[in-house]
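Structure record follows, encoded as structure tokens.
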Amino acid sequence: MLAERRHQLILQALRSGGTASVTDLAEQLDASAATIRRDLLKLEGDGLLTRVHGGAVVEEDQPPFDEAASVQVREKDAIAAQAATMIEDGQSVILDSGTTVHRLALQLHGRRLTVITNNLAVYDELIDDENIDLMLLGGMVIRESRMLDGFMAEDNLRQVHADWLFMGACGLRPGGQVMDTTVAEVPARRAMIAASDKVVLLADKSKLPGTGMVKICDPEDLDVVITNASEDDATCMALREAGVRVIRAAPDAVGG
């Protein structure tokens with residue numbers, strides 16, 4: 001069995017059970033314990049799991065989409081409004097599965113754009129807007145996150161190119177690394193980064209530092225961060241030192 005396929009099956013086993021031992025994984029995949037240990041070491045290095053004594057674990061405790069979408073709406077709208085000003089008519093845009101990114105979709109009505117997304121809330125928002133060419137990525141439906149995910153979404157992303165990616169995250173490390181708590185979302189987000197010319201992170205101040213055990217990318221992979229955090233926030237300063245443009249969006253920018 002190819003290593004890539006083993007890695008996929010290991011992650012599937014961990015996502016379904018939360019944890020698994022080296023012995024169990026070796027039996028399931030008909031591989032040696034030494035091979036499984038090397039696989040776990042590689043996957044941990046990629047930020048996709050955490051090794052524990054005798055095995056590995058993934059933690060997926062991100063709140064359901066609708067719950068997260070109802071929090072700090074005014075702040076998210078300010079960030080989304082600022083993000084919308086960066087997009088020119090005729091451009092192509094990838095919107096990921098985040099709730100702040102969904103608020104950006106509300107700002108795009110009537111614009112002549114191509115929108116590529118795995119976010120079912122974005123799809124619902126834009127499906128009736130005939131000005132927008134809408135591409136929905138394939139994959140398994142993750143109901144609690146209102147998204148499509150898996151190898152089909154990743155394969156679709158290898159076939160497209162976009163001017164912009166607007167993405168969310170569960171948190172940023174003090175050094176600017178972008179983190180997530182949901183292992184399943186990371187490969188698609190990395191594929192989105194690879195498919196885009198410019199990468200913009202939308203992150204309200206609760207995400208600095210926020211939470212997350214799985215690394216999506218380093219600050220060097222970002223072009224812009226839009227946030228309502230203060231100018232002298234330590235993470236914002238680290239992002240600037242890494243060459244990232246940090247834009248502050250105040251809630252009063254959208255009124256209310």
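Going by the structure tokens order, chains are called A, B, ..., each with residues numbered from 1, while ligands are numbered from 1 in the order shown.
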**Report entry** Nearby residues (only C-alpha atoms) at most 6 Å from segment 152-158 of chain A, same-chain spacing under 6 positions excluded, as a ChimeraX atom specification
**Finding:** /A:137-139,188
Query raised in the report: What's the 12 Å shell around Ile193 of chain A, counting only C-alpha atoms, without same-chain residues fewer than 2 positions away, as a ChimeraX atom specification?
Result: /A:93-96,154,157-158,160-168,186-191,195-201,216-218,220-223
**Report entry** Distance query Met213 of chain A at most 7 Å, only C-alpha atoms, self and fewer than 4 positions along chain excluded, as a PyMOL selection string
**Finding:** chain A and resi 179-181
Export N, CA and C atoms of the chosen residues as a PDB file, in the first residue's frame?
```pdb
ATOM      1  N   MET A 179      -3.754  28.148  12.667  1.00  0.00           N
ATOM      2  CA  MET A 179      -4.091  26.878  13.277  1.00  0.00           C
ATOM      3  C   MET A 179      -5.571  26.546  13.113  1.00  0.00           C
ATOM      4  N   ASP A 180      -5.872  25.261  13.227  1.00  0.00           N
ATOM      5  CA  ASP A 180      -7.249  24.801  13.219  1.00  0.00           C
ATOM      6  C   ASP A 180      -7.392  23.716  14.274  1.00  0.00           C
ATOM      7  N   THR A 181      -8.625  23.498  14.745  1.00  0.00           N
ATOM      8  CA  THR A 181      -8.890  22.389  15.661  1.00  0.00           C
ATOM      9  C   THR A 181      -9.482  21.197  14.934  1.00  0.00           C
TER      10      THR A 181
END
```
Requested in this report: Return as a ChimeraX atom specification the full set of residues in segment 41-192 of chain A whose backbone-based DSSP assignment is helix (DSSP H, G or I).
Outcome: /A:41-45,65-69,73-84,99-106,120-126,143-145,151-157,183-192
Query - Within 6 Å of segment 97-102 of chain A using only C-alpha atoms, minus same-chain residues under 5 positions, as a list in words - result: Ala69, Lys76, Asn119, Val122, Met147 and Gly168 of chain A
Report task. Run DSSP on the backbone and grab whatever in segment 21-256 of chain A lands in strand (DSSP E); send it over as a ChimeraX atom specification. Result -> /A:21,50-52,55-57,92-95,113-117,132-136,140-142,147-149,162-167,171-172,178-180,196-202,214-217,224-227,245-248
Could you save those same residues with C-alpha atoms as a compact mmCIF listing (two decimals), in the first residue's frame?
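File produced: again_4.txt:
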```txt
# COMPACT_ATOMS: atom_id res chain seq x y z
CA SER A 21 -2.99 2.50 19.05
CA THR A 50 -0.81 14.30 17.89
CA ARG A 51 1.18 11.26 18.91
CA VAL A 52 0.50 9.86 22.36
CA GLY A 55 -0.60 5.57 19.34
CA ALA A 56 -2.09 8.87 18.16
CA VAL A 57 -5.10 11.13 18.61
CA SER A 92 -12.01 34.64 -9.23
CA VAL A 93 -12.29 34.06 -5.50
CA ILE A 94 -12.06 30.96 -3.30
CA LEU A 95 -14.14 31.15 -0.12
CA LEU A 113 -17.21 37.36 -10.04
CA THR A 114 -16.34 33.68 -10.07
CA VAL A 115 -16.70 32.18 -6.59
CA ILE A 116 -15.26 28.75 -5.78
CA THR A 117 -16.28 27.28 -2.43
CA ILE A 132 -21.81 35.31 -9.97
CA ASP A 133 -20.37 32.20 -11.61
CA LEU A 134 -20.52 29.75 -8.73
CA MET A 135 -18.40 26.60 -8.47
CA LEU A 136 -19.17 24.18 -5.64
CA MET A 140 -18.35 14.43 1.55
CA VAL A 141 -20.92 16.62 3.28
CA ILE A 142 -19.81 17.55 6.81
CA MET A 147 -19.01 22.14 4.20
CA LEU A 148 -17.78 19.65 1.62
CA ASP A 149 -14.49 17.94 2.31
CA ALA A 162 -8.05 31.85 -8.29
CA ASP A 163 -6.96 35.43 -7.83
CA TRP A 164 -7.87 35.38 -4.15
CA LEU A 165 -8.39 32.97 -1.28
CA PHE A 166 -10.28 34.25 1.73
CA MET A 167 -9.95 31.84 4.62
CA GLY A 171 -6.48 30.69 15.89
CA LEU A 172 -3.01 32.05 15.25
CA VAL A 178 -2.41 29.65 11.28
CA MET A 179 -4.09 26.88 13.28
CA ASP A 180 -7.25 24.80 13.22
CA SER A 196 -4.55 31.00 -5.22
CA ASP A 197 -2.41 33.99 -6.15
CA LYS A 198 -3.16 35.91 -2.95
CA VAL A 199 -4.15 34.53 0.44
CA VAL A 200 -6.16 36.62 2.89
CA LEU A 201 -6.93 35.45 6.42
CA LEU A 202 -10.07 36.82 8.08
CA VAL A 214 -3.25 21.55 13.72
CA LYS A 215 -1.18 23.92 11.59
CA ILE A 216 -2.73 25.07 8.33
CA CYS A 217 0.18 27.24 7.19
CA VAL A 224 -2.97 39.83 4.13
CA VAL A 225 -4.65 39.43 7.51
CA ILE A 226 -7.81 41.41 8.20
CA THR A 227 -8.67 41.65 11.89
CA ARG A 245 0.04 43.12 5.48
CA VAL A 246 -2.22 43.51 8.52
CA ILE A 247 -5.42 45.53 8.00
CA ARG A 248 -7.53 46.61 10.95
```
